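entry04.txt follows; it contains compact mmCIF, C-alpha atoms.
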```txt
# COMPACT_ATOMS: atom_id res chain seq x y z
CA MET A 273 106.67 -9.63 32.48
CA LYS A 274 107.65 -7.36 35.35
CA MET A 275 104.10 -6.32 35.81
CA ARG A 276 102.89 -9.86 35.79
CA GLN A 277 105.51 -10.87 38.26
CA ALA A 278 104.53 -8.00 40.52
CA THR A 279 100.91 -8.92 40.19
CA SER A 280 101.74 -12.49 40.90
CA ASN A 281 103.63 -11.55 44.05
CA THR A 282 101.03 -9.26 45.51
CA LEU A 283 97.74 -10.82 44.51
CA THR A 284 98.31 -14.42 43.78
CA PRO A 285 100.95 -15.79 46.10
CA GLU A 286 102.21 -19.26 45.56
CA PRO A 287 100.30 -21.94 47.42
CA GLY A 288 101.13 -22.18 51.09
CA ARG A 289 102.57 -18.70 51.37
CA ARG A 290 101.09 -16.59 54.14
CA VAL A 291 99.52 -13.27 53.14
CA GLU A 292 100.03 -10.52 55.70
CA THR A 293 96.76 -8.62 55.91
CA GLY A 294 97.10 -6.59 59.10
CA ALA A 295 94.35 -8.59 60.72
CA ALA A 296 95.04 -10.71 63.79
CA THR A 297 97.07 -13.82 63.07
CA GLY A 298 97.02 -17.08 64.94
CA ASP A 299 100.14 -15.99 66.80
CA THR A 300 98.77 -12.63 67.87
CA LEU A 301 95.46 -14.17 68.85
CA ALA A 302 97.28 -16.67 71.04
CA THR A 303 99.31 -13.89 72.65
CA TYR A 304 96.18 -11.83 73.17
CA SER A 305 94.42 -14.82 74.67
CA GLU A 306 97.36 -15.58 76.96
CA THR A 307 97.54 -11.97 78.09
CA THR A 308 93.83 -11.89 78.77
CA GLY A 309 94.06 -15.19 80.61
CA ASN A 310 96.93 -13.94 82.77
CA ARG A 311 95.11 -10.75 83.65
CA HIS A 312 91.95 -12.68 84.44
CA ALA A 313 93.83 -15.10 86.70
CA TRP A 314 95.56 -12.27 88.56
CA GLN A 315 92.23 -10.51 88.98
CA GLU A 316 90.70 -13.69 90.38
CA PHE A 317 93.46 -13.86 92.99
CA ILE A 318 93.01 -10.20 93.85
CA ASP A 319 89.20 -10.25 94.06
CA HIS A 320 88.53 -13.69 95.44
CA ARG A 321 91.52 -14.18 97.67
CA LEU A 322 93.18 -10.95 98.80
CA VAL A 323 90.16 -8.67 98.89
CA ASP A 324 88.10 -11.44 100.51
CA TRP A 325 90.72 -11.85 103.22
CA GLY A 326 90.60 -8.11 103.82
CA ARG A 327 86.83 -8.16 104.16
CA ASP A 328 86.72 -11.22 106.40
CA PRO A 329 90.07 -12.10 107.94
CA LEU A 330 88.43 -14.44 110.44
CA GLN A 331 87.68 -16.93 107.65
CA LEU A 332 91.37 -17.83 107.92
CA GLY A 333 92.04 -17.51 111.60
CA ASP A 334 91.97 -20.37 114.04
CA SER A 335 94.00 -21.42 117.02
CA GLU A 336 97.05 -22.10 114.86
CA LEU A 337 96.77 -19.53 112.11
CA VAL A 338 97.00 -15.75 112.38
CA PRO A 339 95.19 -14.21 109.39
CA PRO A 340 97.05 -11.73 107.18
CA THR A 341 97.18 -8.17 108.49
CA PRO A 342 95.56 -5.34 106.50
CA THR A 343 99.07 -4.02 105.80
CA ALA A 344 100.20 -7.36 104.35
CA ILE A 345 97.03 -7.59 102.27
CA ARG A 346 97.50 -4.08 100.86
CA ARG A 347 101.11 -4.86 99.94
CA ALA A 348 100.09 -8.15 98.31
CA ILE A 349 97.41 -6.40 96.25
CA SER A 350 99.96 -3.80 95.21
CA PHE A 351 102.34 -6.54 94.03
CA ALA A 352 99.54 -8.38 92.28
CA LEU A 353 98.47 -5.26 90.37
CA THR A 354 102.05 -4.51 89.34
CA LEU A 355 102.71 -8.05 88.17
CA ARG A 356 99.35 -8.17 86.39
CA GLU A 357 100.16 -4.95 84.53
CA GLY A 358 103.56 -6.38 83.65
CA ASP A 359 101.69 -9.30 82.05
CA LEU A 360 103.54 -11.81 84.18
CA PRO A 361 102.03 -15.28 84.49
CA PRO A 362 99.72 -15.61 87.49
CA PRO A 363 100.92 -17.22 90.71
CA LYS A 364 100.29 -20.84 91.49
CA ARG A 365 99.75 -20.15 95.16
CA ILE A 366 98.79 -17.17 97.31
CA VAL A 367 98.52 -18.25 100.93
CA PRO A 368 98.80 -16.83 104.43
CA ASP A 369 102.10 -17.55 106.17
CA GLY A 370 100.33 -18.25 109.46
CA ASP A 371 101.91 -15.29 111.26
CA GLY A 372 99.93 -12.46 109.64
CA GLY A 373 101.91 -12.37 106.41
CA ILE A 374 101.29 -13.62 102.88
CA VAL A 375 103.33 -15.70 100.43
CA ILE A 376 102.89 -15.42 96.66
CA GLU A 377 104.49 -18.27 94.71
CA ARG A 378 105.00 -19.45 91.20
CA TRP A 379 107.07 -22.35 89.98
CA HIS A 380 108.13 -23.77 86.66
CA GLY A 381 110.19 -26.93 86.47
CA PRO A 382 112.82 -26.91 89.21
CA VAL A 383 112.58 -23.16 89.85
CA THR A 384 110.28 -21.61 92.44
CA VAL A 385 110.01 -17.90 93.03
CA SER A 386 108.29 -16.52 96.10
CA ILE A 387 107.39 -13.10 97.40
CA GLU A 388 107.22 -13.32 101.19
CA ILE A 389 105.30 -10.42 102.72
CA SER A 390 105.57 -9.95 106.47
CA PRO A 391 102.73 -8.72 108.70
CA ASP A 392 104.20 -5.21 108.63
CA GLY A 393 104.37 -5.18 104.83
CA LEU A 394 108.09 -5.82 104.37
CA ALA A 395 108.73 -8.09 101.41
CA GLU A 396 111.43 -10.47 100.26
CA PHE A 397 111.96 -12.13 96.91
CA VAL A 398 113.17 -15.71 97.24
CA GLU A 399 114.29 -17.97 94.43
CA CYS A 400 114.69 -21.70 94.93
CA ARG A 401 116.02 -24.35 92.59
CA GLU A 402 115.16 -27.97 93.36
CA GLY A 403 114.21 -26.88 96.88
CA ARG A 404 117.52 -25.06 97.51
CA VAL A 405 117.46 -21.32 98.14
CA VAL A 406 119.64 -19.65 95.51
CA SER A 407 118.76 -16.04 96.27
CA ARG A 408 116.89 -13.95 98.79
CA ALA A 409 116.54 -10.19 98.50
CA THR A 410 114.51 -7.47 100.17
CA ILE A 411 112.02 -5.76 97.87
CA GLU A 412 111.85 -2.00 98.40
CA MET B 760 112.23 -47.49 136.82
CA THR B 761 109.42 -47.08 134.28
CA VAL B 762 108.93 -44.22 131.91
CA GLU B 763 105.50 -42.64 131.94
CA ALA B 764 103.54 -43.15 128.72
CA GLY B 765 104.40 -40.49 126.19
CA ASN B 766 107.69 -39.59 127.81
CA GLU B 767 109.65 -42.37 126.16
CA ALA B 768 111.94 -41.42 123.29
CA VAL B 769 110.38 -41.33 119.85
CA ALA B 770 111.49 -44.43 117.95
CA ASP B 771 112.69 -44.40 114.36
CA ASP B 772 109.90 -46.69 113.22
CA GLU B 773 107.14 -44.42 114.53
CA ILE B 774 104.82 -42.26 112.46
CA VAL B 775 104.07 -38.70 113.54
CA PHE B 776 101.17 -36.53 112.45
CA ARG B 777 101.27 -32.86 111.51
CA ARG B 778 97.93 -31.03 111.46
CA ILE B 779 97.18 -28.42 108.79
CA SER B 780 94.24 -26.05 108.68
CA ASP B 781 92.20 -26.40 105.50
CA ALA B 782 91.64 -22.63 105.55
CA SER B 783 95.39 -22.03 105.22
CA GLY B 784 95.39 -23.30 101.64
CA TRP B 785 98.70 -25.02 102.34
CA TYR B 786 97.30 -28.29 101.04
CA ASP B 787 95.66 -28.27 97.65
CA PRO B 788 95.13 -31.75 96.20
CA ALA B 789 94.55 -30.25 92.75
CA SER B 790 97.97 -28.60 92.63
CA ASP B 791 101.02 -30.14 91.00
CA ARG B 792 102.73 -29.35 94.31
CA PRO B 793 99.91 -30.20 96.69
CA LEU B 794 101.62 -29.42 100.00
CA ALA B 795 103.21 -26.02 100.54
CA TRP B 796 106.52 -25.74 102.41
CA LEU B 797 104.67 -23.33 104.69
CA ALA B 798 103.17 -26.34 106.45
CA PHE B 799 106.62 -26.76 108.02
CA ARG B 800 107.58 -23.11 108.42
CA PRO B 801 107.80 -22.45 112.18
CA SER B 802 105.36 -19.79 113.32
CA ARG B 803 105.91 -17.34 116.16
CA ARG B 804 104.16 -19.81 118.45
CA ASP B 805 106.55 -22.65 117.63
CA VAL B 806 109.16 -21.60 120.18
CA ASP B 807 109.85 -25.26 121.05
CA GLY B 808 109.60 -26.45 117.46
CA ILE B 809 106.77 -27.53 115.22
CA SER B 810 104.17 -29.68 116.97
CA VAL B 811 103.50 -33.21 115.82
CA TRP B 812 101.60 -36.13 117.34
CA ARG B 813 102.75 -39.71 117.68
CA SER B 814 100.50 -42.23 115.92
CA LYS B 815 101.05 -44.76 118.70
CA PHE B 816 98.98 -42.50 120.96
CA LYS B 817 96.56 -40.66 118.63
CA THR B 818 94.73 -41.35 115.40
CA ALA B 819 94.75 -38.81 112.59
CA ARG B 820 91.13 -37.97 113.35
CA GLU B 821 91.92 -37.40 117.02
CA VAL B 822 94.82 -35.12 116.11
CA ALA B 823 92.53 -33.09 113.84
CA ALA B 824 90.13 -32.59 116.74
CA ILE B 825 92.70 -31.40 119.31
CA GLY B 826 91.85 -27.78 120.08
CA ALA B 827 90.06 -27.50 116.75
CA SER B 828 88.33 -24.19 116.08
CA HIS B 829 84.59 -24.34 115.53
CA GLY B 830 83.65 -24.74 111.89
CA LYS B 831 87.22 -25.33 110.75
CA ARG B 832 88.51 -28.37 108.89
CA TYR B 833 91.94 -29.94 109.09
CA PHE B 834 94.18 -32.24 107.10
CA VAL B 835 96.66 -34.51 108.83
CA VAL B 836 100.07 -35.26 107.30
CA SER B 837 101.83 -38.53 108.19
CA LEU B 838 105.63 -38.61 108.43
CA ARG B 839 107.98 -41.46 109.27
CA VAL B 840 110.39 -40.49 112.04
CA GLN B 841 113.35 -42.32 110.57
CA ARG B 842 113.08 -40.44 107.29
CA LEU B 843 112.75 -37.13 109.12
CA ARG B 844 115.90 -37.86 111.08
CA VAL B 845 117.86 -38.87 107.99
CA ALA B 846 116.87 -35.48 106.54
CA GLY B 847 118.27 -33.76 109.62
CA VAL B 848 115.03 -33.07 111.49
CA VAL B 849 115.22 -33.58 115.26
CA VAL B 850 112.13 -35.33 116.68
CA LYS B 851 111.64 -35.37 120.45
CA ALA B 852 108.81 -36.39 122.74
CA SER B 853 107.31 -33.35 124.45
CA PRO B 854 104.19 -34.44 126.35
CA GLU B 855 104.71 -31.52 128.73
CA LEU B 856 103.77 -29.19 125.85
CA GLY B 857 100.62 -30.85 124.58
CA GLY B 858 99.82 -33.95 126.57
CA VAL B 859 100.46 -37.61 125.95
CA GLY B 860 101.53 -38.25 122.37
CA HIS B 861 102.82 -34.75 121.68
CA ALA B 862 106.26 -34.43 120.10
CA SER B 863 108.26 -31.56 118.62
CA LEU B 864 110.46 -31.01 115.58
CA THR B 865 112.88 -29.09 117.73
CA ASN B 866 115.17 -27.70 115.04
CA LEU B 867 112.19 -26.23 113.23
CA SER B 868 111.54 -23.56 115.86
CA THR B 869 110.77 -19.86 115.73
CA GLU B 870 114.36 -19.10 116.68
CA ASP B 871 115.75 -21.42 114.00
CA TYR B 872 113.66 -19.64 111.38
CA THR B 873 114.66 -16.20 112.59
CA LYS B 874 118.36 -17.11 112.54
CA ASN B 875 118.45 -18.97 109.24
CA LYS B 876 115.40 -18.70 107.01
CA ASP B 877 117.12 -20.42 104.09
CA ARG B 878 118.08 -23.54 106.04
CA VAL B 879 114.59 -23.91 107.48
CA ARG B 880 112.98 -23.28 104.10
CA GLU B 881 115.15 -25.97 102.52
CA MET B 882 114.35 -28.45 105.27
CA ALA B 883 110.64 -27.72 104.88
CA GLU B 884 110.95 -28.21 101.11
CA VAL B 885 112.57 -31.61 101.65
CA ILE B 886 109.77 -32.65 103.99
CA VAL B 887 106.90 -31.68 101.69
CA ARG B 888 108.57 -32.96 98.51
CA GLN B 889 110.09 -36.22 99.72
CA LEU B 890 108.97 -37.31 103.16
CA VAL B 891 105.18 -37.20 103.27
CA GLU B 892 103.77 -40.70 103.70
CA ASN B 893 100.11 -39.80 103.58
CA ILE B 894 97.63 -36.96 103.98
CA ASP B 895 94.24 -37.69 105.57
CA GLY B 896 91.15 -35.54 105.84
CA PRO B 897 89.75 -33.07 105.84
CA PHE B 898 88.34 -33.74 109.28
CA GLY B 899 85.93 -31.48 111.10
CA SER B 900 82.76 -29.64 110.28
```
As C-alpha cells, how would this structure be written, given the file I've shared?
Amino acid sequence: MKMRQATSNTLTPEPGRRVETGAATGDTLATYSETTGNRHAWQEFIDHRLVDWGRDPLQLGDSELVPPTPTAIRRAISFALTLREGDLPPPKRIVPDGDGGIVIERWHGPVTVSIEISPDGLAEFVECREGRVVSRATIE
Amino acid sequence: MTVEAGNEAVADDEIVFRRISDASGWYDPASDRPLAWLAFRPSRRDVDGISVWRSKFKTAREVAAIGASHGKRYFVVSLRVQRLRVAGVVVKASPELGGVGHASLTNLSTEDYTKNKDRVREMAEVIVRQLVENIDGPFGS
C-alpha cells in the first residue's frame, strides 16, 4: 500500500497536478524572455541612439539644439550598461536636453523617473508623480 | 496713439506656436506620452523666456521655417494663451527679440530654471499634459 502510494505520488500524479521536471516552465520562460527583451531594448538604445550621437553629434544640432557632449554621452552609456545589467526595464525615452545634456526617462502609471545628465556629466535622479516632483537627488 | 503691429499685448483668446526640432525626439506620436516636458524646459539661450509665435501674425508652417537649419524638420505646438495664463505661465509680446509676432513665456527662462528646476519642470509637465491644443508637422525637408 505504501509502495503503491509512493509510486502513485511520484509517477502517476493526479490529473491537473504539475510535475516538476527541472526543465524550463512557462514562468521561467516568460522571465527569461522578459530579461532578454529588456537587455535587447537597452542595447538598442545604446547602439542606435547613444553611440550614434557620439559618432555624429551634428545629426541633432541645429540653431536651437546643442547636441549632447561626449562626456554626457559616455555617462549615459555607463548608466545604460549598469541598468541593463541590473535587468531593469528599458527607458521609454532617451533624448537630448537641448543644452548638451541627456535625459533618460521611464514612466509607469502616474510615476515618472528621470536621470538628467548635464553636459559635464553630472547626473540627477528625479522622481515625479502626476507631474509633481517628489524627489531630486544627485547621483554620484 | 497707435501701437505698432506685434507690440500690442497678447490677448487671452490668442493661440501661440512653439517650434520643436524633429531631431530632438521630444515629440514622438507613437509614444503614450507623445510630447516630452523638455519641449518647455528653458535652454541656456532662453534668457528672456521660451520663444513662441502668435498665430495672428504667423502660420505654423511659417514658424517652422523661421531660421530653420538646412535639412532639419520641425513640429509646431499650438497653445491657447488663456489656458497658459491660468496655469501660471506669463505670456508677453516681444517683437524686439524675434520680429513681428514673437512672444515670450517669460517665467520659463534660463534663470527661472537655474533657480527652481522643480517648479519649471512641473509647469512644463502641465503644459505638455494638459494644455496642448494641436501639433502640426513635421515641416521642412
Output as a PyMOL selection string the set of chain B residues within 7 Å of chain A, with distances taken over all atoms listed in the file.
-> chain B and resi 782-785+797+802-803+828+877+881+884-885
Same residues, C-alpha atoms, saved as a PDB file, in the frame of the given file:
```
ATOM      1  CA  ALA B 782      91.640 -22.630 105.550  1.00  0.00           C
ATOM      2  CA  SER B 783      95.390 -22.030 105.220  1.00  0.00           C
ATOM      3  CA  GLY B 784      95.390 -23.300 101.640  1.00  0.00           C
ATOM      4  CA  TRP B 785      98.700 -25.020 102.340  1.00  0.00           C
ATOM      5  CA  LEU B 797     104.670 -23.330 104.690  1.00  0.00           C
ATOM      6  CA  SER B 802     105.360 -19.790 113.320  1.00  0.00           C
ATOM      7  CA  ARG B 803     105.910 -17.340 116.160  1.00  0.00           C
ATOM      8  CA  SER B 828      88.330 -24.190 116.080  1.00  0.00           C
ATOM      9  CA  ASP B 877     117.120 -20.420 104.090  1.00  0.00           C
ATOM     10  CA  GLU B 881     115.150 -25.970 102.520  1.00  0.00           C
ATOM     11  CA  GLU B 884     110.950 -28.210 101.110  1.00  0.00           C
ATOM     12  CA  VAL B 885     112.570 -31.610 101.650  1.00  0.00           C
TER      13      VAL B 885
END
```
Non-local contacts of region 315-329 of chain A (7 Å; all atoms listed in the file; under 4 positions in same chain excluded) as a ChimeraX atom specification | /A:311,333,339,342,345,349,352
Please indicate the distance in Å from CA of Leu843 (chain B) to CA of Asn766 (chain B), rounded to one decimal place.
-> 19.5 Å
If you measure from CA of Asn893 (chain B) to CA of Ser837 (chain B), what distance in Å do you get, rounded to one decimal?
->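 Value for the CA of Asn893 (chain B)-CA of Ser837 (chain B) distance: 5.1 Å.
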Just the residues within 8 Å of region 810-816 of chain B, please, counting all atoms listed in the file, with nothing from its chain fewer than 3 positions along; format it as a ChimeraX atom specification.
-> /B:765,773-778,805,819,822,859-864
